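Colleague: data.txt is reproduced below (compact mmCIF, N, CA and C atoms).
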```
# COMPACT_ATOMS: atom_id res chain seq x y z
N MET A 1 72.40 65.48 105.14
CA MET A 1 72.02 66.81 104.69
C MET A 1 73.07 67.86 105.12
N ALA A 2 73.59 67.76 106.34
CA ALA A 2 74.59 68.71 106.81
C ALA A 2 75.85 68.62 105.95
N LYS A 3 76.19 67.42 105.54
CA LYS A 3 77.37 67.22 104.70
C LYS A 3 77.19 67.89 103.35
N ARG A 4 75.99 67.76 102.77
CA ARG A 4 75.72 68.39 101.47
C ARG A 4 75.76 69.90 101.60
N LYS A 5 75.20 70.45 102.68
CA LYS A 5 75.20 71.89 102.89
C LYS A 5 76.65 72.40 102.98
N ARG A 6 77.50 71.66 103.69
CA ARG A 6 78.90 72.05 103.81
C ARG A 6 79.59 72.01 102.45
N SER A 7 79.27 71.01 101.65
CA SER A 7 79.84 70.89 100.31
C SER A 7 79.40 72.06 99.44
N ASP A 8 78.12 72.43 99.53
CA ASP A 8 77.62 73.58 98.77
C ASP A 8 78.31 74.86 99.23
N SER A 9 78.51 75.00 100.53
CA SER A 9 79.17 76.17 101.09
C SER A 9 80.62 76.25 100.60
N ALA A 10 81.31 75.12 100.61
CA ALA A 10 82.70 75.09 100.14
C ALA A 10 82.77 75.44 98.65
N ARG A 11 81.82 74.93 97.88
CA ARG A 11 81.80 75.22 96.44
C ARG A 11 81.55 76.72 96.22
N THR A 12 80.64 77.30 97.00
CA THR A 12 80.36 78.73 96.89
C THR A 12 81.60 79.55 97.24
N ASP A 13 82.32 79.13 98.29
CA ASP A 13 83.55 79.83 98.68
C ASP A 13 84.58 79.77 97.55
N GLU A 14 84.71 78.62 96.91
CA GLU A 14 85.67 78.48 95.81
C GLU A 14 85.28 79.38 94.63
N LEU A 15 84.00 79.45 94.33
CA LEU A 15 83.53 80.34 93.26
C LEU A 15 83.80 81.80 93.62
N LEU A 16 83.56 82.15 94.87
CA LEU A 16 83.81 83.51 95.36
C LEU A 16 85.30 83.84 95.22
N LEU A 17 86.16 82.92 95.62
CA LEU A 17 87.61 83.14 95.50
C LEU A 17 88.02 83.29 94.04
N GLY A 18 87.40 82.53 93.16
CA GLY A 18 87.70 82.64 91.74
C GLY A 18 87.36 84.01 91.18
N ILE A 19 86.23 84.53 91.60
CA ILE A 19 85.81 85.87 91.15
C ILE A 19 86.80 86.92 91.66
N LEU A 20 87.16 86.82 92.94
CA LEU A 20 88.10 87.79 93.52
C LEU A 20 89.48 87.68 92.89
N ALA A 21 89.90 86.46 92.54
CA ALA A 21 91.21 86.28 91.91
C ALA A 21 91.25 86.94 90.54
N GLN A 22 90.14 86.91 89.83
CA GLN A 22 90.07 87.54 88.51
C GLN A 22 90.08 89.06 88.63
N ASP A 23 89.31 89.59 89.59
CA ASP A 23 89.23 91.03 89.79
C ASP A 23 88.74 91.29 91.21
N SER A 24 89.66 91.60 92.10
CA SER A 24 89.30 91.80 93.50
C SER A 24 88.47 93.07 93.72
N ARG A 25 88.31 93.88 92.67
CA ARG A 25 87.48 95.08 92.78
C ARG A 25 86.01 94.81 92.45
N THR A 26 85.66 93.58 92.13
CA THR A 26 84.28 93.25 91.79
C THR A 26 83.39 93.61 92.98
N PRO A 27 82.37 94.43 92.76
CA PRO A 27 81.48 94.82 93.86
C PRO A 27 80.77 93.61 94.47
N ASN A 28 80.56 93.67 95.78
CA ASN A 28 79.87 92.58 96.48
C ASN A 28 78.48 92.31 95.89
N THR A 29 77.82 93.35 95.43
CA THR A 29 76.48 93.15 94.85
C THR A 29 76.56 92.33 93.57
N GLN A 30 77.59 92.56 92.78
CA GLN A 30 77.78 91.80 91.54
C GLN A 30 78.16 90.35 91.85
N ILE A 31 79.01 90.16 92.86
CA ILE A 31 79.37 88.80 93.28
C ILE A 31 78.13 88.06 93.75
N ALA A 32 77.31 88.75 94.52
CA ALA A 32 76.08 88.14 95.05
C ALA A 32 75.17 87.68 93.91
N GLN A 33 75.04 88.50 92.88
CA GLN A 33 74.22 88.11 91.73
C GLN A 33 74.78 86.88 91.03
N LYS A 34 76.11 86.86 90.84
CA LYS A 34 76.74 85.73 90.15
C LYS A 34 76.58 84.43 90.94
N LEU A 35 76.62 84.53 92.27
CA LEU A 35 76.57 83.34 93.11
C LEU A 35 75.15 83.01 93.59
N ASN A 36 74.21 83.91 93.27
CA ASN A 36 72.83 83.72 93.68
C ASN A 36 72.68 83.65 95.20
N ILE A 37 73.40 84.57 95.87
CA ILE A 37 73.30 84.72 97.33
C ILE A 37 73.16 86.19 97.64
N SER A 38 72.86 86.53 98.87
CA SER A 38 72.68 87.94 99.24
C SER A 38 74.05 88.64 99.36
N GLU A 39 74.01 89.95 99.27
CA GLU A 39 75.22 90.74 99.40
C GLU A 39 75.80 90.59 100.80
N SER A 40 74.94 90.51 101.80
CA SER A 40 75.43 90.34 103.18
C SER A 40 76.10 88.97 103.34
N ALA A 41 75.61 87.96 102.63
CA ALA A 41 76.25 86.64 102.67
C ALA A 41 77.64 86.70 102.05
N VAL A 42 77.79 87.48 101.00
CA VAL A 42 79.11 87.66 100.38
C VAL A 42 80.07 88.28 101.39
N ARG A 43 79.62 89.33 102.08
CA ARG A 43 80.46 89.99 103.09
C ARG A 43 80.85 89.02 104.20
N ARG A 44 79.88 88.24 104.69
CA ARG A 44 80.15 87.26 105.76
C ARG A 44 81.17 86.21 105.30
N ARG A 45 80.99 85.71 104.08
CA ARG A 45 81.90 84.69 103.56
C ARG A 45 83.31 85.26 103.40
N MET A 46 83.41 86.49 102.88
CA MET A 46 84.73 87.10 102.71
C MET A 46 85.40 87.29 104.07
N LEU A 47 84.67 87.74 105.06
CA LEU A 47 85.21 87.92 106.40
C LEU A 47 85.70 86.59 106.97
N LYS A 48 84.90 85.53 106.77
CA LYS A 48 85.28 84.18 107.24
C LYS A 48 86.56 83.72 106.54
N LEU A 49 86.65 83.95 105.23
CA LEU A 49 87.83 83.53 104.48
C LEU A 49 89.09 84.28 104.93
N VAL A 50 88.92 85.53 105.33
CA VAL A 50 90.05 86.30 105.86
C VAL A 50 90.43 85.77 107.24
N LYS A 51 89.44 85.56 108.11
CA LYS A 51 89.70 85.09 109.48
C LYS A 51 90.35 83.72 109.50
N THR A 52 89.96 82.84 108.58
CA THR A 52 90.54 81.48 108.56
C THR A 52 91.88 81.44 107.83
N GLY A 53 92.28 82.56 107.22
CA GLY A 53 93.57 82.61 106.55
C GLY A 53 93.55 82.16 105.10
N ARG A 54 92.37 81.81 104.60
CA ARG A 54 92.29 81.41 103.18
C ARG A 54 92.60 82.60 102.29
N ILE A 55 92.11 83.78 102.66
CA ILE A 55 92.52 85.03 102.02
C ILE A 55 93.51 85.66 102.98
N ARG A 56 94.76 85.77 102.54
CA ARG A 56 95.79 86.33 103.41
C ARG A 56 95.90 87.84 103.30
N ARG A 57 95.67 88.35 102.09
CA ARG A 57 95.75 89.79 101.91
C ARG A 57 95.12 90.17 100.59
N PHE A 58 94.76 91.43 100.49
CA PHE A 58 94.27 92.01 99.25
C PHE A 58 95.41 92.87 98.74
N THR A 59 95.69 92.81 97.46
CA THR A 59 96.85 93.51 96.94
C THR A 59 96.56 94.13 95.58
N VAL A 60 97.51 94.88 95.09
CA VAL A 60 97.41 95.53 93.79
C VAL A 60 98.42 94.87 92.87
N GLU A 61 98.01 94.55 91.66
CA GLU A 61 98.93 94.02 90.66
C GLU A 61 99.32 95.16 89.74
N LEU A 62 100.61 95.46 89.71
CA LEU A 62 101.10 96.58 88.93
C LEU A 62 101.54 96.13 87.55
N ASP A 63 101.49 97.03 86.60
CA ASP A 63 101.98 96.76 85.26
C ASP A 63 103.50 96.69 85.32
N ASP A 64 104.07 95.62 84.80
CA ASP A 64 105.52 95.42 84.84
C ASP A 64 106.25 96.13 83.71
N ALA A 65 105.54 96.80 82.84
CA ALA A 65 106.19 97.47 81.71
C ALA A 65 107.23 98.46 82.24
N GLY A 66 108.40 98.41 81.67
CA GLY A 66 109.45 99.33 82.07
C GLY A 66 110.29 98.82 83.23
N SER A 67 109.98 97.65 83.75
CA SER A 67 110.81 97.10 84.82
C SER A 67 111.44 95.78 84.34
N SER A 68 112.40 95.32 85.10
CA SER A 68 113.08 94.08 84.77
C SER A 68 112.84 93.05 85.87
N SER A 69 112.81 91.78 85.46
CA SER A 69 112.60 90.69 86.41
C SER A 69 113.59 89.57 86.13
N ALA A 70 113.86 88.79 87.17
CA ALA A 70 114.72 87.63 87.03
C ALA A 70 114.31 86.59 88.06
N ILE A 71 114.68 85.36 87.79
CA ILE A 71 114.51 84.28 88.75
C ILE A 71 115.92 83.84 89.13
N THR A 72 116.22 83.93 90.40
CA THR A 72 117.53 83.49 90.88
C THR A 72 117.35 82.17 91.61
N TRP A 73 118.02 81.15 91.09
CA TRP A 73 118.00 79.82 91.70
C TRP A 73 119.14 79.77 92.71
N VAL A 74 118.84 79.27 93.91
CA VAL A 74 119.81 79.32 95.01
C VAL A 74 120.05 77.94 95.59
N SER A 75 121.32 77.61 95.81
CA SER A 75 121.70 76.40 96.54
C SER A 75 122.10 76.81 97.95
N VAL A 76 121.56 76.09 98.94
CA VAL A 76 121.80 76.41 100.34
C VAL A 76 122.76 75.37 100.93
N ASN A 77 123.66 75.84 101.75
CA ASN A 77 124.58 74.95 102.45
C ASN A 77 123.75 73.98 103.31
N PRO A 78 123.96 72.67 103.16
CA PRO A 78 123.15 71.70 103.91
C PRO A 78 123.25 71.84 105.43
N SER A 79 124.29 72.48 105.94
CA SER A 79 124.42 72.64 107.38
C SER A 79 123.61 73.83 107.93
N VAL A 80 122.99 74.60 107.03
CA VAL A 80 122.18 75.75 107.44
C VAL A 80 120.73 75.47 107.10
N PRO A 81 119.80 75.64 108.06
CA PRO A 81 118.39 75.39 107.76
C PRO A 81 117.88 76.29 106.63
N THR A 82 117.25 75.67 105.65
CA THR A 82 116.76 76.40 104.48
C THR A 82 115.81 77.53 104.86
N ASN A 83 114.94 77.30 105.86
CA ASN A 83 113.98 78.35 106.22
C ASN A 83 114.67 79.58 106.78
N GLN A 84 115.83 79.41 107.42
CA GLN A 84 116.59 80.58 107.91
C GLN A 84 117.13 81.39 106.73
N VAL A 85 117.66 80.69 105.74
CA VAL A 85 118.19 81.37 104.56
C VAL A 85 117.05 82.06 103.80
N SER A 86 115.92 81.38 103.67
CA SER A 86 114.75 81.96 102.99
C SER A 86 114.33 83.27 103.64
N SER A 87 114.27 83.27 104.97
CA SER A 87 113.87 84.47 105.71
C SER A 87 114.85 85.62 105.48
N ARG A 88 116.13 85.31 105.45
CA ARG A 88 117.14 86.35 105.21
C ARG A 88 117.06 86.88 103.77
N VAL A 89 116.88 85.97 102.81
CA VAL A 89 116.80 86.38 101.40
C VAL A 89 115.61 87.30 101.19
N LYS A 90 114.49 87.02 101.84
CA LYS A 90 113.27 87.83 101.66
C LYS A 90 113.49 89.28 102.07
N THR A 91 114.46 89.55 102.95
CA THR A 91 114.70 90.93 103.41
C THR A 91 115.58 91.73 102.45
N VAL A 92 116.16 91.08 101.45
CA VAL A 92 117.03 91.79 100.49
C VAL A 92 116.16 92.69 99.62
N PRO A 93 116.46 93.99 99.54
CA PRO A 93 115.67 94.89 98.69
C PRO A 93 115.63 94.41 97.25
N GLY A 94 114.45 94.39 96.66
CA GLY A 94 114.28 93.94 95.28
C GLY A 94 113.76 92.52 95.18
N VAL A 95 113.77 91.77 96.28
CA VAL A 95 113.24 90.41 96.28
C VAL A 95 111.73 90.49 96.44
N GLU A 96 111.01 89.91 95.48
CA GLU A 96 109.54 89.91 95.50
C GLU A 96 108.99 88.69 96.24
N VAL A 97 109.47 87.50 95.86
CA VAL A 97 108.96 86.25 96.40
C VAL A 97 110.10 85.26 96.54
N VAL A 98 110.05 84.45 97.60
CA VAL A 98 111.01 83.36 97.78
C VAL A 98 110.21 82.06 97.86
N TYR A 99 110.57 81.11 96.99
CA TYR A 99 109.95 79.79 96.99
C TYR A 99 110.99 78.78 97.46
N GLU A 100 110.64 77.95 98.44
CA GLU A 100 111.50 76.82 98.79
C GLU A 100 111.13 75.69 97.85
N THR A 101 112.14 75.08 97.20
CA THR A 101 111.89 74.12 96.13
C THR A 101 112.62 72.80 96.39
N ALA A 102 112.21 71.79 95.65
CA ALA A 102 112.90 70.50 95.67
C ALA A 102 113.56 70.33 94.31
N GLY A 103 114.70 69.68 94.28
CA GLY A 103 115.40 69.47 93.01
C GLY A 103 116.81 69.97 93.10
N GLN A 104 117.33 70.42 91.98
CA GLN A 104 118.73 70.85 91.91
C GLN A 104 119.01 72.05 92.81
N PHE A 105 118.03 72.96 92.95
CA PHE A 105 118.21 74.15 93.77
C PHE A 105 117.23 74.12 94.94
N ASP A 106 117.60 74.82 96.02
CA ASP A 106 116.79 74.84 97.23
C ASP A 106 115.78 75.98 97.24
N LEU A 107 116.10 77.06 96.53
CA LEU A 107 115.22 78.24 96.49
C LEU A 107 115.09 78.75 95.07
N ALA A 108 113.92 79.29 94.77
CA ALA A 108 113.70 80.08 93.56
C ALA A 108 113.27 81.45 94.05
N VAL A 109 113.99 82.47 93.64
CA VAL A 109 113.75 83.83 94.14
C VAL A 109 113.35 84.72 92.97
N LEU A 110 112.16 85.32 93.06
CA LEU A 110 111.71 86.26 92.04
C LEU A 110 112.23 87.64 92.42
N VAL A 111 112.98 88.23 91.50
CA VAL A 111 113.64 89.51 91.73
C VAL A 111 113.09 90.52 90.73
N LYS A 112 112.79 91.73 91.20
CA LYS A 112 112.32 92.79 90.30
C LYS A 112 113.08 94.07 90.57
N GLY A 113 113.26 94.85 89.49
CA GLY A 113 113.94 96.14 89.62
C GLY A 113 113.62 97.03 88.44
N ALA A 114 113.99 98.28 88.57
CA ALA A 114 113.72 99.25 87.50
C ALA A 114 114.53 98.96 86.26
N ASP A 115 115.72 98.38 86.45
CA ASP A 115 116.60 98.10 85.31
C ASP A 115 117.57 96.98 85.69
N ILE A 116 118.43 96.62 84.75
CA ILE A 116 119.39 95.53 84.97
C ILE A 116 120.33 95.86 86.12
N GLY A 117 120.75 97.11 86.25
CA GLY A 117 121.64 97.51 87.34
C GLY A 117 121.02 97.25 88.71
N GLU A 118 119.74 97.56 88.83
CA GLU A 118 119.03 97.31 90.09
C GLU A 118 118.92 95.81 90.37
N LEU A 119 118.62 95.04 89.32
CA LEU A 119 118.56 93.59 89.48
C LEU A 119 119.91 93.06 89.95
N ASN A 120 120.98 93.56 89.36
CA ASN A 120 122.31 93.10 89.73
C ASN A 120 122.60 93.37 91.21
N LYS A 121 122.21 94.56 91.71
CA LYS A 121 122.40 94.88 93.14
C LYS A 121 121.65 93.88 94.01
N THR A 122 120.42 93.55 93.61
CA THR A 122 119.63 92.60 94.38
C THR A 122 120.28 91.23 94.38
N ILE A 123 120.72 90.78 93.23
CA ILE A 123 121.36 89.46 93.12
C ILE A 123 122.64 89.41 93.94
N GLU A 124 123.41 90.50 93.91
CA GLU A 124 124.62 90.56 94.75
C GLU A 124 124.23 90.50 96.22
N GLY A 125 123.14 91.15 96.59
CA GLY A 125 122.67 91.09 97.98
C GLY A 125 122.27 89.68 98.39
N ILE A 126 121.65 88.97 97.47
CA ILE A 126 121.28 87.56 97.74
C ILE A 126 122.53 86.72 97.95
N ARG A 127 123.52 86.92 97.09
CA ARG A 127 124.76 86.12 97.17
C ARG A 127 125.51 86.33 98.49
N ARG A 128 125.31 87.50 99.12
CA ARG A 128 125.98 87.80 100.39
C ARG A 128 125.29 87.19 101.61
N VAL A 129 124.12 86.60 101.43
CA VAL A 129 123.39 86.00 102.56
C VAL A 129 124.14 84.75 103.04
N ASP A 130 124.38 84.68 104.36
CA ASP A 130 125.05 83.52 104.94
C ASP A 130 124.25 82.25 104.67
N GLY A 131 124.95 81.21 104.26
CA GLY A 131 124.31 79.92 104.00
C GLY A 131 124.10 79.63 102.53
N ILE A 132 124.32 80.62 101.68
CA ILE A 132 124.16 80.40 100.24
C ILE A 132 125.51 79.98 99.66
N ILE A 133 125.49 78.88 98.91
CA ILE A 133 126.74 78.39 98.32
C ILE A 133 126.82 78.58 96.81
N ASN A 134 125.64 78.81 96.16
CA ASN A 134 125.66 78.96 94.70
C ASN A 134 124.36 79.63 94.25
N THR A 135 124.45 80.43 93.19
CA THR A 135 123.25 81.00 92.57
C THR A 135 123.35 80.83 91.06
N ASN A 136 122.20 80.84 90.41
CA ASN A 136 122.11 80.79 88.95
C ASN A 136 120.90 81.63 88.58
N THR A 137 121.10 82.70 87.82
CA THR A 137 120.02 83.64 87.53
C THR A 137 119.57 83.53 86.08
N THR A 138 118.26 83.55 85.91
CA THR A 138 117.62 83.53 84.60
C THR A 138 116.81 84.81 84.45
N MET A 139 117.06 85.54 83.38
CA MET A 139 116.30 86.78 83.13
C MET A 139 114.91 86.43 82.59
N VAL A 140 113.92 87.19 83.03
CA VAL A 140 112.56 87.04 82.52
C VAL A 140 112.41 87.96 81.31
N LEU A 141 112.03 87.39 80.18
CA LEU A 141 111.88 88.18 78.96
C LEU A 141 110.47 88.74 78.81
N ARG A 142 109.47 87.94 79.22
CA ARG A 142 108.08 88.35 79.08
C ARG A 142 107.26 87.62 80.12
N THR A 143 106.24 88.29 80.65
CA THR A 143 105.33 87.69 81.62
C THR A 143 103.97 87.55 80.97
N ILE A 144 103.42 86.35 81.00
CA ILE A 144 102.09 86.10 80.45
C ILE A 144 101.18 85.69 81.60
N ARG A 145 100.10 86.42 81.78
CA ARG A 145 99.17 86.12 82.88
C ARG A 145 97.82 85.79 82.35
```
Could you render the structure as structure tokens?

Modeller:
Amino acid sequence: MAKRKRSDSARTDELLLGILAQDSRTPNTQIAQKLNISESAVRRRMLKLVKTGRIRRFTVELDDAGSSSAITWVSVNPSVPTNQVSSRVKTVPGVEVVYETAGQFDLAVLVKGADIGELNKTIEGIRRVDGIINTNTTMVLRTIR
């Protein structure tokens, strides 16, 4: 019985996360109705998910209209630890996200800026990071979410 209760709890948490992922502004009372639990239970579950690190942060998704994006693929010198290079790349202004990857390139870097000139400054900043031996940039034409 305890195992089933834990499974039900995990399923409820996943449903709760799904609702928040769709619209993090959904009121707790509405979430409670959808999940058939009390509003206080929703608050407790959300607090638990934050404390355990399952929810790392709440954020705002901005409209990308009028801005430019690119993905810069990065090759790292094998004598330099990839995580050190990743940490340095993340500090370059205009870098949104750094992914450590397997395959032809070691990093995929999402870059955003107001225009192509700003993107170029960011890409040049990435290229200056110690440990990077090669980059290849792909412009993002459209984002579908």

Colleague: Nearest residue to Leu15 of chain A out of A:Asn28, A:Leu35, A:Asp130, A:Glu118, using all atoms listed in the file?

Modeller: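 Counting all atoms listed in the file, the residue closest to Leu15 of chain A is A:Leu35.
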
Colleague: Enumerate, as a VMD selection string, the complete set of residues in chain A that a backbone-based DSSP assignment places in helix (DSSP H, G or I).

Modeller: chain A and resid 2 to 22 28 to 35 39 to 51 82 to 90 116 to 127

Colleague: Between atom N of Arg11 of chain A and atom N of Val60 of chain A, measure the distance and give it in Å to one decimal.

Modeller: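 Computing the Euclidean distance for atom N of Arg11 of chain A and atom N of Val60 of chain A yields 25.5 Å.
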
Colleague: My list of candidates is A:Ile144, A:Ile31, A:Leu20, A:Ile133. Which is closest to Val80 of chain A when distances are computed with only C-alpha atoms?

Modeller: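 Nearest candidate to Val80 of chain A out of A:Ile144, A:Ile31, A:Leu20, A:Ile133: A:Ile133.
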
Colleague: Among chain A, which ones does DSSP place in strand (DSSP E), written as a VMD selection string?

Modeller: chain A and resid 68 to 76 95 to 100 107 to 113 132 to 140

Colleague: Atom CA of Glu96 of chain A and atom CA of Arg142 of chain A, how far apart in Å?

Modeller: 16.6 Å

Colleague: Just give me the gap between atom N of Pro93 of chain A and atom CA of Val50 of chain A in Å, one decimal is fine.

Modeller: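 Separation of atom N of Pro93 of chain A and atom CA of Val50 of chain A: 28.2 Å.
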
Colleague: Out of A:Gly125, A:Thr82, A:Leu141, A:Val42, which residue has the shortest atom-to-atom distance to Leu17 of chain A when counting only C-alpha atoms?

Modeller: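 Under the stated criterion, the closest residue is A:Val42.
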
Colleague: Around the point (112.2, 99.0, 88.1), in the coordinates given by the file, pick out the residues reaching within 8 Å, counting all atoms listed in the file, and return them as an MDAnalysis selection string.

Modeller: chainID A and resid 64:69 112:116 118:119
